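What follows is the content of model.cif (mmCIF, C-alpha atoms).
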data_input
#
loop_
_atom_site.group_PDB
_atom_site.id
_atom_site.type_symbol
_atom_site.label_atom_id
_atom_site.label_comp_id
_atom_site.auth_asym_id
_atom_site.auth_seq_id
_atom_site.Cartn_x
_atom_site.Cartn_y
_atom_site.Cartn_z
ATOM 1 C CA MET N 1 113.390 23.010 -25.504
ATOM 2 C CA ARG N 2 113.617 26.756 -24.984
ATOM 3 C CA LEU N 3 114.964 27.928 -21.634
ATOM 4 C CA PRO N 4 111.599 29.259 -20.332
ATOM 5 C CA GLU N 5 110.090 25.806 -20.818
ATOM 6 C CA THR N 6 112.415 24.419 -18.152
ATOM 7 C CA ARG N 7 110.405 26.091 -15.351
ATOM 8 C CA ASP N 8 107.474 23.768 -15.964
ATOM 9 C CA LEU N 9 109.814 20.784 -16.236
ATOM 10 C CA PHE N 10 111.645 21.588 -13.003
ATOM 11 C CA ALA N 11 108.437 22.421 -11.111
ATOM 12 C CA ARG N 12 106.953 19.059 -12.083
ATOM 13 C CA GLU N 13 109.953 16.793 -11.709
ATOM 14 C CA LEU N 14 112.370 18.217 -9.138
ATOM 15 C CA THR N 15 112.139 18.710 -5.394
ATOM 16 C CA PHE N 16 114.088 21.646 -4.011
ATOM 17 C CA PRO N 17 116.680 22.051 -2.687
ATOM 18 C CA VAL N 18 118.368 19.885 -5.288
ATOM 19 C CA THR N 19 122.046 19.288 -5.967
ATOM 20 C CA CYS N 20 123.647 20.261 -9.256
ATOM 21 C CA GLU N 21 124.831 16.678 -9.612
ATOM 22 C CA SER N 22 121.286 15.400 -9.241
ATOM 23 C CA VAL N 23 119.947 17.791 -11.899
ATOM 24 C CA VAL N 24 122.667 16.696 -14.311
ATOM 25 C CA GLY N 25 121.889 13.072 -13.542
ATOM 26 C CA SER N 26 118.149 13.359 -14.091
ATOM 27 C CA HIS N 27 117.907 16.085 -16.752
ATOM 28 C CA GLY N 28 121.422 16.545 -18.108
ATOM 29 C CA ASP N 29 120.466 15.226 -21.534
ATOM 30 C CA VAL N 30 117.755 17.839 -22.047
ATOM 31 C CA GLU N 31 118.779 20.071 -24.949
ATOM 32 C CA LEU N 32 118.339 23.825 -24.595
ATOM 33 C CA THR N 33 117.716 25.707 -27.820
ATOM 34 C CA ALA N 34 118.867 29.312 -28.105
ATOM 35 C CA PRO N 35 116.448 31.915 -29.551
ATOM 36 C CA ASN N 36 119.034 32.773 -32.185
ATOM 37 C CA GLY N 37 119.833 29.162 -33.042
ATOM 38 C CA GLY N 38 122.282 26.673 -31.584
ATOM 39 C CA ALA N 39 121.781 24.327 -28.686
ATOM 40 C CA GLU N 40 123.533 22.686 -25.775
ATOM 41 C CA THR N 41 122.498 20.289 -23.055
ATOM 42 C CA ILE N 42 121.746 21.114 -19.432
ATOM 43 C CA ALA N 43 124.760 18.985 -18.470
ATOM 44 C CA GLU N 44 127.027 21.125 -20.661
ATOM 45 C CA VAL N 45 125.651 24.364 -19.189
ATOM 46 C CA LEU N 46 125.799 23.233 -15.555
ATOM 47 C CA GLY N 47 129.290 21.878 -16.177
ATOM 48 C CA ARG N 48 130.408 25.521 -16.110
ATOM 49 C CA CYS N 49 128.439 26.331 -12.945
ATOM 50 C CA PRO N 50 130.288 26.325 -9.599
ATOM 51 C CA GLU N 51 127.090 26.041 -7.515
ATOM 52 C CA GLU N 52 126.644 22.691 -5.768
ATOM 53 C CA GLU N 53 123.006 23.139 -4.796
ATOM 54 C CA PHE N 54 119.935 25.060 -5.955
ATOM 55 C CA ARG N 55 117.317 26.113 -3.413
ATOM 56 C CA SER N 56 114.559 26.965 -5.890
ATOM 57 C CA VAL N 57 113.537 26.877 -9.538
ATOM 58 C CA ASP N 58 114.556 30.541 -9.705
ATOM 59 C CA GLU N 59 118.111 29.708 -8.633
ATOM 60 C CA LEU N 60 118.415 26.834 -11.092
ATOM 61 C CA TYR N 61 116.978 28.890 -13.932
ATOM 62 C CA GLY N 62 119.312 31.760 -13.045
ATOM 63 C CA ALA N 63 122.306 29.426 -13.227
ATOM 64 C CA LEU N 64 121.261 28.187 -16.665
ATOM 65 C CA VAL N 65 120.889 31.726 -18.020
ATOM 66 C CA THR N 66 124.202 32.787 -16.510
ATOM 67 C CA PHE N 67 126.181 29.858 -17.876
ATOM 68 C CA VAL N 68 124.657 29.238 -21.295
ATOM 69 C CA GLY N 69 127.222 29.431 -24.068
ATOM 70 C CA ASP N 70 127.885 32.016 -26.729
ATOM 71 C CA ALA N 71 125.038 30.723 -28.889
ATOM 72 C CA TYR N 72 122.658 32.468 -26.508
ATOM 73 C CA ILE N 73 124.353 35.827 -26.442
ATOM 74 C CA GLY N 74 123.287 38.008 -29.332
ATOM 75 C CA ARG N 75 124.090 41.511 -30.439
ATOM 76 C CA LYS N 76 122.831 44.271 -28.182
ATOM 77 C CA PHE N 77 119.768 46.038 -29.595
ATOM 78 C CA TYR N 78 119.632 43.539 -32.461
ATOM 79 C CA ASP N 79 116.099 43.165 -33.699
ATOM 80 C CA ASP N 80 115.070 40.914 -36.525
ATOM 81 C CA ARG N 81 111.579 42.374 -36.677
ATOM 82 C CA GLY N 82 112.362 45.766 -38.154
ATOM 83 C CA ASP N 83 111.628 49.124 -36.585
ATOM 84 C CA GLN N 84 109.994 48.861 -33.164
ATOM 85 C CA SER N 85 109.903 52.572 -32.433
ATOM 86 C CA ALA N 86 106.116 52.467 -32.034
ATOM 87 C CA ILE N 87 106.607 50.553 -28.801
ATOM 88 C CA ASP N 88 108.177 53.580 -27.174
ATOM 89 C CA SER N 89 105.177 55.771 -27.758
ATOM 90 C CA GLU N 90 102.820 53.510 -25.830
ATOM 91 C CA GLU N 91 101.074 54.806 -22.797
ATOM 92 C CA VAL N 92 102.925 54.043 -19.599
ATOM 93 C CA SER N 93 100.431 55.093 -16.984
ATOM 94 C CA PHE N 94 97.803 52.886 -15.385
ATOM 95 C CA MET R 95 93.488 27.013 -24.633
ATOM 96 C CA GLY R 96 93.627 29.949 -22.260
ATOM 97 C CA VAL R 97 95.974 32.022 -20.144
ATOM 98 C CA THR R 98 95.601 32.522 -16.410
ATOM 99 C CA LEU R 99 97.812 35.307 -15.110
ATOM 100 C CA VAL R 100 98.878 34.875 -11.503
ATOM 101 C CA SER R 101 100.526 37.732 -9.691
ATOM 102 C CA GLY R 102 101.652 38.641 -6.211
ATOM 103 C CA VAL R 103 104.237 40.879 -4.630
ATOM 104 C CA PRO R 104 107.713 39.413 -3.933
ATOM 105 C CA GLY R 105 107.575 37.182 -0.877
ATOM 106 C CA VAL R 106 103.851 36.424 -0.872
ATOM 107 C CA GLY R 107 104.546 32.931 -2.225
ATOM 108 C CA THR R 108 103.275 33.115 -5.793
ATOM 109 C CA SER R 109 105.993 30.832 -7.165
ATOM 110 C CA ALA R 110 105.533 28.203 -4.466
ATOM 111 C CA VAL R 111 101.749 28.211 -4.886
ATOM 112 C CA CYS R 112 101.960 27.942 -8.672
ATOM 113 C CA GLU R 113 104.637 25.239 -8.649
ATOM 114 C CA THR R 114 102.608 23.198 -6.167
ATOM 115 C CA ALA R 115 99.421 23.725 -8.192
ATOM 116 C CA ARG R 116 101.248 22.710 -11.362
ATOM 117 C CA ARG R 117 102.118 19.335 -9.844
ATOM 118 C CA GLN R 118 98.408 18.749 -9.264
ATOM 119 C CA LEU R 119 97.564 19.387 -12.929
ATOM 120 C CA ASP R 120 98.004 17.142 -15.942
ATOM 121 C CA ASP R 121 100.034 17.568 -19.141
ATOM 122 C CA GLY R 122 97.411 19.837 -20.631
ATOM 123 C CA TYR R 123 98.834 22.676 -18.530
ATOM 124 C CA GLU R 124 102.131 24.530 -18.526
ATOM 125 C CA LEU R 125 103.676 26.829 -15.928
ATOM 126 C CA VAL R 126 105.391 29.847 -17.464
ATOM 127 C CA ASN R 127 107.194 32.698 -15.747
ATOM 128 C CA PHE R 128 107.046 35.966 -17.677
ATOM 129 C CA GLY R 129 110.350 37.110 -16.151
ATOM 130 C CA ASP R 130 112.066 33.910 -17.343
ATOM 131 C CA ILE R 131 111.247 34.793 -20.924
ATOM 132 C CA MET R 132 112.344 38.406 -20.500
ATOM 133 C CA LEU R 133 115.619 37.202 -18.973
ATOM 134 C CA GLU R 134 116.191 34.734 -21.807
ATOM 135 C CA GLN R 135 115.588 37.490 -24.328
ATOM 136 C CA ALA R 136 117.775 39.911 -22.376
ATOM 137 C CA ALA R 137 120.619 37.385 -22.462
ATOM 138 C CA ALA R 138 120.093 36.754 -26.156
ATOM 139 C CA ASN R 139 120.409 40.493 -26.753
ATOM 140 C CA GLY R 140 123.420 40.988 -24.503
ATOM 141 C CA LEU R 141 121.460 43.110 -22.034
ATOM 142 C CA ALA R 142 121.460 41.032 -18.852
ATOM 143 C CA THR R 143 122.122 37.546 -17.535
ATOM 144 C CA GLU R 144 120.684 37.986 -14.032
ATOM 145 C CA ARG R 145 117.113 38.674 -12.947
ATOM 146 C CA GLU R 146 118.277 41.467 -10.658
ATOM 147 C CA GLN R 147 119.589 43.379 -13.695
ATOM 148 C CA LEU R 148 116.190 43.614 -15.403
ATOM 149 C CA PRO R 149 114.936 46.607 -13.352
ATOM 150 C CA GLU R 150 118.064 48.512 -14.424
ATOM 151 C CA LEU R 151 117.207 48.335 -18.135
ATOM 152 C CA SER R 152 115.882 51.351 -19.972
ATOM 153 C CA LEU R 153 112.187 51.782 -20.576
ATOM 154 C CA ARG R 154 112.712 51.041 -24.258
ATOM 155 C CA GLU R 155 114.605 47.833 -23.530
ATOM 156 C CA THR R 156 112.055 46.740 -20.926
ATOM 157 C CA ARG R 157 109.181 47.311 -23.341
ATOM 158 C CA ARG R 158 110.895 45.314 -26.037
ATOM 159 C CA LEU R 159 111.503 42.386 -23.695
ATOM 160 C CA GLN R 160 107.890 42.519 -22.489
ATOM 161 C CA ARG R 161 106.719 42.377 -26.087
ATOM 162 C CA ARG R 162 108.919 39.383 -26.862
ATOM 163 C CA ALA R 163 107.722 37.616 -23.723
ATOM 164 C CA ALA R 164 104.099 38.285 -24.641
ATOM 165 C CA GLU R 165 104.643 36.813 -28.099
ATOM 166 C CA TYR R 166 106.159 33.721 -26.517
ATOM 167 C CA VAL R 167 103.140 33.343 -24.212
ATOM 168 C CA ALA R 168 100.766 33.763 -27.144
ATOM 169 C CA ASP R 169 102.576 30.999 -29.029
ATOM 170 C CA ARG R 170 102.555 28.594 -26.057
ATOM 171 C CA ALA R 171 98.886 29.327 -25.347
ATOM 172 C CA GLY R 172 98.068 27.727 -28.659
ATOM 173 C CA VAL R 173 99.366 24.420 -27.331
ATOM 174 C CA ARG R 174 98.357 24.215 -23.647
ATOM 175 C CA GLU R 175 96.463 25.894 -20.849
ATOM 176 C CA LEU R 176 98.983 28.354 -19.440
ATOM 177 C CA LEU R 177 99.551 29.313 -15.842
ATOM 178 C CA VAL R 178 101.629 32.483 -16.197
ATOM 179 C CA THR R 179 103.278 34.169 -13.242
ATOM 180 C CA THR R 180 104.147 37.815 -13.681
ATOM 181 C CA TYR R 181 104.321 41.155 -11.930
ATOM 182 C CA LEU R 182 101.320 43.200 -12.994
ATOM 183 C CA ALA R 183 103.125 46.237 -11.617
ATOM 184 C CA ALA R 184 106.858 45.861 -12.214
ATOM 185 C CA GLU R 185 109.401 47.705 -10.083
ATOM 186 C CA THR R 186 112.136 49.458 -12.040
ATOM 187 C CA ASP R 187 114.782 51.996 -11.111
ATOM 188 C CA GLU R 188 112.469 54.685 -12.521
ATOM 189 C CA GLY R 189 109.440 53.567 -10.522
ATOM 190 C CA TYR R 190 106.665 51.050 -11.020
ATOM 191 C CA LEU R 191 105.538 50.255 -14.544
ATOM 192 C CA PRO R 192 102.647 48.199 -15.835
ATOM 193 C CA GLY R 193 103.950 44.672 -16.305
ATOM 194 C CA LEU R 194 101.866 44.359 -19.449
ATOM 195 C CA PRO R 195 101.814 47.380 -21.751
ATOM 196 C CA GLU R 196 98.969 47.540 -24.261
ATOM 197 C CA SER R 197 100.554 45.502 -27.046
ATOM 198 C CA ALA R 198 101.744 42.811 -24.632
ATOM 199 C CA LEU R 199 98.317 42.586 -23.006
ATOM 200 C CA ALA R 200 96.742 42.072 -26.432
ATOM 201 C CA ASP R 201 99.167 39.245 -27.244
ATOM 202 C CA VAL R 202 98.801 37.498 -23.883
ATOM 203 C CA ALA R 203 94.993 37.845 -23.962
ATOM 204 C CA PRO R 204 94.458 36.557 -20.404
ATOM 205 C CA GLU R 205 91.189 34.837 -19.534
ATOM 206 C CA ARG R 206 91.489 35.578 -15.835
ATOM 207 C CA PHE R 207 93.714 37.272 -13.291
ATOM 208 C CA VAL R 208 94.514 35.693 -9.947
ATOM 209 C CA LEU R 209 96.023 37.933 -7.267
ATOM 210 C CA VAL R 210 97.926 36.125 -4.535
ATOM 211 C CA GLU R 211 97.814 38.156 -1.349
ATOM 212 C CA ALA R 212 98.632 37.988 2.326
ATOM 213 C CA ALA R 213 99.008 40.491 5.132
ATOM 214 C CA PRO R 214 102.087 42.719 4.647
ATOM 215 C CA ALA R 215 103.545 41.557 7.963
ATOM 216 C CA THR R 216 103.200 37.939 6.830
ATOM 217 C CA ILE R 217 104.912 38.747 3.534
ATOM 218 C CA LEU R 218 107.829 40.432 5.289
ATOM 219 C CA GLU R 219 108.177 37.430 7.597
ATOM 220 C CA ARG R 220 108.252 35.066 4.603
ATOM 221 C CA ARG R 221 110.829 37.225 2.845
ATOM 222 C CA SER R 222 113.117 37.007 5.864
ATOM 223 C CA GLN R 223 112.898 33.199 5.797
ATOM 224 C CA ALA R 224 112.892 32.654 2.031
ATOM 225 C CA PRO R 225 115.552 30.492 0.337
ATOM 226 C CA ARG R 226 116.616 33.469 -1.763
ATOM 227 C CA SER R 227 117.932 36.933 -1.109
ATOM 228 C CA TYR R 228 115.976 40.064 -1.936
ATOM 229 C CA GLU R 229 117.539 43.280 -3.155
ATOM 230 C CA ARG R 230 115.709 45.472 -0.659
ATOM 231 C CA SER R 231 113.897 45.234 2.641
ATOM 232 C CA PRO R 232 110.652 47.165 2.197
ATOM 233 C CA THR R 233 108.454 48.425 5.006
ATOM 234 C CA GLU R 234 104.959 47.111 5.646
ATOM 235 C CA ARG R 235 103.618 50.296 4.051
ATOM 236 C CA GLU R 236 105.632 49.630 0.866
ATOM 237 C CA VAL R 237 104.368 46.053 0.662
ATOM 238 C CA ALA R 238 100.805 47.285 1.115
ATOM 239 C CA PHE R 239 101.434 49.878 -1.610
ATOM 240 C CA GLN R 240 102.765 47.191 -3.957
ATOM 241 C CA GLN R 241 99.676 45.056 -3.341
ATOM 242 C CA ASP R 242 97.485 48.094 -4.014
ATOM 243 C CA LEU R 243 99.355 48.713 -7.282
ATOM 244 C CA ASN R 244 98.863 45.066 -8.222
ATOM 245 C CA ARG R 245 95.118 45.416 -7.649
ATOM 246 C CA ALA R 246 94.966 48.660 -9.621
ATOM 247 C CA ALA R 247 96.884 47.118 -12.505
ATOM 248 C CA ALA R 248 94.666 44.021 -12.483
ATOM 249 C CA VAL R 249 91.485 46.092 -12.607
ATOM 250 C CA SER R 250 92.950 48.246 -15.373
ATOM 251 C CA TYR R 251 93.742 45.155 -17.430
ATOM 252 C CA ALA R 252 90.348 43.628 -16.587
ATOM 253 C CA LEU R 253 88.599 46.711 -17.933
ATOM 254 C CA ARG R 254 90.421 46.330 -21.229
ATOM 255 C CA THR R 255 90.115 42.561 -21.587
ATOM 256 C CA GLY R 256 86.890 41.685 -19.787
ATOM 257 C CA ALA R 257 88.810 39.030 -17.855
ATOM 258 C CA PRO R 258 87.730 38.623 -14.215
ATOM 259 C CA VAL R 259 90.018 39.216 -11.236
ATOM 260 C CA GLN R 260 90.128 36.617 -8.456
ATOM 261 C CA LEU R 261 91.693 36.878 -5.015
ATOM 262 C CA LEU R 262 93.756 33.947 -3.737
ATOM 263 C CA GLU R 263 94.689 34.327 -0.098
ATOM 264 C CA ASN R 264 97.951 32.613 0.749
ATOM 265 C CA THR R 265 97.631 32.960 4.482
ATOM 266 C CA GLY R 266 97.775 29.315 5.548
ATOM 267 C CA SER R 267 99.577 26.422 3.936
ATOM 268 C CA VAL R 268 100.913 26.590 0.380
ATOM 269 C CA GLU R 269 99.108 23.324 -0.341
ATOM 270 C CA ASP R 270 95.717 24.845 0.500
ATOM 271 C CA ALA R 271 96.278 27.847 -1.778
ATOM 272 C CA ALA R 272 97.652 25.608 -4.532
ATOM 273 C CA GLU R 273 94.661 23.300 -4.338
ATOM 274 C CA GLN R 274 92.352 26.287 -4.674
ATOM 275 C CA LEU R 275 94.297 27.554 -7.702
ATOM 276 C CA ALA R 276 94.342 24.158 -9.387
ATOM 277 C CA GLY R 277 90.614 23.874 -8.791
ATOM 278 C CA THR R 278 90.052 27.258 -10.405
ATOM 279 C CA LEU R 279 92.001 26.189 -13.487
ATOM 280 C CA ARG R 280 90.183 22.870 -13.802
ATOM 281 C CA ALA R 281 86.822 24.548 -13.437
ATOM 282 C CA ALA R 282 87.719 27.135 -16.068
ATOM 283 C CA ALA R 283 88.908 24.438 -18.465
ATOM 284 C CA GLY R 284 85.665 22.573 -17.859
ATOM 285 C CA ARG R 285 83.599 25.635 -18.695
ATOM 286 C CA SER R 286 85.530 26.314 -21.915
ATOM 287 C CA GLY R 287 85.629 22.639 -22.896
#
Just dump the structure as structure tokens.
Amino acid sequence: MRLPETRDLFARELTFPVTCESVVGSHGDVELTAPNGGAETIAEVLGRCPEEEFRSVDELYGALVTFVGDAYIGRKFYDDRGDQSAIDSEEVSF
Amino acid sequence: MGVTLVSGVPGVGTSAVCETARRQLDDGYELVNFGDIMLEQAAANGLATEREQLPELSLRETRRLQRRAAEYVADRAGVRELLVTTYLAAETDEGYLPGLPESALADVAPERFVLVEAAPATILERRSQAPRSYERSPTEREVAFQQDLNRAAAVSYALRTGAPVQLLENTGSVEDAAEQLAGTLRAAAGRSG
């Protein structure tokens, strides 16, 4: 699954605070798919995380984003959808 | 399938209410956090790996991430009823910006907005006891201003989409507010089904 899908999973199936060990035990096999291709399991990602406990979904999600592998990290400003300059001319005000 | 956008200022308890409501709903629903998607995209583009870094991004980068997040929501909305938490007025280093610029609003196509609110003093009290740290400690006036901005943004979006705005007071227990939110979603699904 994509990383943002984990919020629903964690909200439904975990009770916080939760230990890192417990997350790996219950959901370690879940495979996270990078937007640019590649995948690794939650156990692999949290294996690089020094935190022992997560107090909220936000903390757990933050740890996953921080410790995902190189497959997740793309080139800065890379855009596979062509020129997006029109976005910058949109109205900003309310 | 539809999108319900739920928003509240930091500390009001939006996440707790939505997570509790989600547990009361069946597999036809999905809880999505707009900031999660922006952060995933920011990491994928080498821009940020922590939520606290998002307000530091340039306007151009922020807009691009918002657009990507909106596309993600649009895709997921084709599969399930979505409960999407987001900041309708997002704080950046340059000031507050609409959380959903025009193109993103069109992609997300919300069916309703739910504003989670509480008294500013209550929000500040919750922030001081929350299991997370906040970057700043705003005054009651700032919290009230943020809630006003949230309302203004919601009405602005409602004018453009025709989606109604509902108030959800989170002044008592999280369970009470969550039950009310889950009931709103079930009723809406019943009307559309």
Practice item. Pull out every residue of chain R that has at least one atom within 6 Å of chain N, counting only C-alpha atoms, and report them as a list in words. Key: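 Here they are: Glu113, Arg117, Glu124, Leu125, Asp130, Ile131, Ala137, Ala138, Asn139, Gly140, Thr143 and Arg154 of chain R.
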Exercise for review: Taking the file as shown, find all residues satisfying the PyMOL selection byres ((chain R and resi 243) around 12) and write them as a ChimeraX atom specification.
Suggested key: /N:93-94 /R:101-103,181-185,189-193,209,236-242,244-250
Check your understanding: Any chance you could work out the residue set of the PyMOL selection byres ((chain R and resi 147) around 12) here, as a list in words?
Key -> Gly62 and Thr66 of chain N; Gly129, Met132, Leu133, Ala136, Ala137, Gly140, Leu141, Ala142, Thr143, Glu144, Arg145, Glu146, Leu148, Pro149, Glu150, Leu151, Ser152, Glu155, Thr156, Glu185, Thr186, Asp187 and Glu229 of chain R
Review point. Which of these residues is nearest to Leu253 in chain R, using only C-alpha atoms: R:Arg206, R:Arg280, R:Arg116, R:Arg170?
Key: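 For Leu253 in chain R, the nearest of the given residues is R:Arg206.
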Exercise for review: Enter the distance from CA of Gly96 in chain R to CA of Arg162 in chain R, in Å, rounded to one decimal.
Suggested key: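 Interatomic distance, CA of Gly96 in chain R to CA of Arg162 in chain R: 18.5 Å.
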Practice item. Could you please give me, as a PyMOL selection string, the residues of protein, DNA or RNA lying at most 12 Å from (108.5, 42.8, 2.5) in the coordinate frame of the file, considering all atoms listed in the file? Key: chain R and resi 102-107+212-224+227-241
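The coordinates place CA of Pro195 in chain R at 14.7 Å from CA of Ala168 in chain R.
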Exercise for review: To one decimal in Å, tell me the separation between CA of Asp121 in chain R and CA of Val100 in chain R.
Suggested key: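 Taking CA of Asp121 in chain R and CA of Val100 in chain R, their separation equals 19.0 Å.
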Enclosing box along x, y and z for every listed atom of range 259-266 of chain R, padded 5 Å each side, centre and size in Å, one decimal, as AutoDock Vina command-line options:
--center_x 94.0 --center_y 34.3 --center_z -2.8 --size_x 17.9 --size_y 19.9 --size_z 26.8
Exercise for review: To verify the selection step, state as a list in words which residues the PyMOL selection byres ((chain R and resi 175) around 9) yields on this input.
Suggested key: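 On the file shown, the PyMOL selection byres ((chain R and resi 175) around 9) covers Met95, Gly96, Val97, Thr98, Gly122, Tyr123, Glu124, Leu125, Arg170, Ala171, Gly172, Val173, Arg174, Leu176, Leu177, Leu279 and Ala283 of chain R.
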Distance cut-off 10 Å, centre (122.7, 22.1, -26.2) in file coordinates, counting all atoms listed in the file: which residues qualify? Return them as a compact mmCIF listing (two decimals) with C-alpha atoms, in the frame of the given file.
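Result file is out_20.txt:
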# COMPACT_ATOMS: atom_id res chain seq x y z
CA MET N 1 113.39 23.01 -25.50
CA GLY N 28 121.42 16.55 -18.11
CA ASP N 29 120.47 15.23 -21.53
CA VAL N 30 117.76 17.84 -22.05
CA GLU N 31 118.78 20.07 -24.95
CA LEU N 32 118.34 23.82 -24.60
CA THR N 33 117.72 25.71 -27.82
CA ALA N 34 118.87 29.31 -28.10
CA GLY N 38 122.28 26.67 -31.58
CA ALA N 39 121.78 24.33 -28.69
CA GLU N 40 123.53 22.69 -25.78
CA THR N 41 122.50 20.29 -23.06
CA ILE N 42 121.75 21.11 -19.43
CA ALA N 43 124.76 18.98 -18.47
CA GLU N 44 127.03 21.12 -20.66
CA VAL N 45 125.65 24.36 -19.19
CA VAL N 68 124.66 29.24 -21.30
CA GLY N 69 127.22 29.43 -24.07
CA ALA N 71 125.04 30.72 -28.89
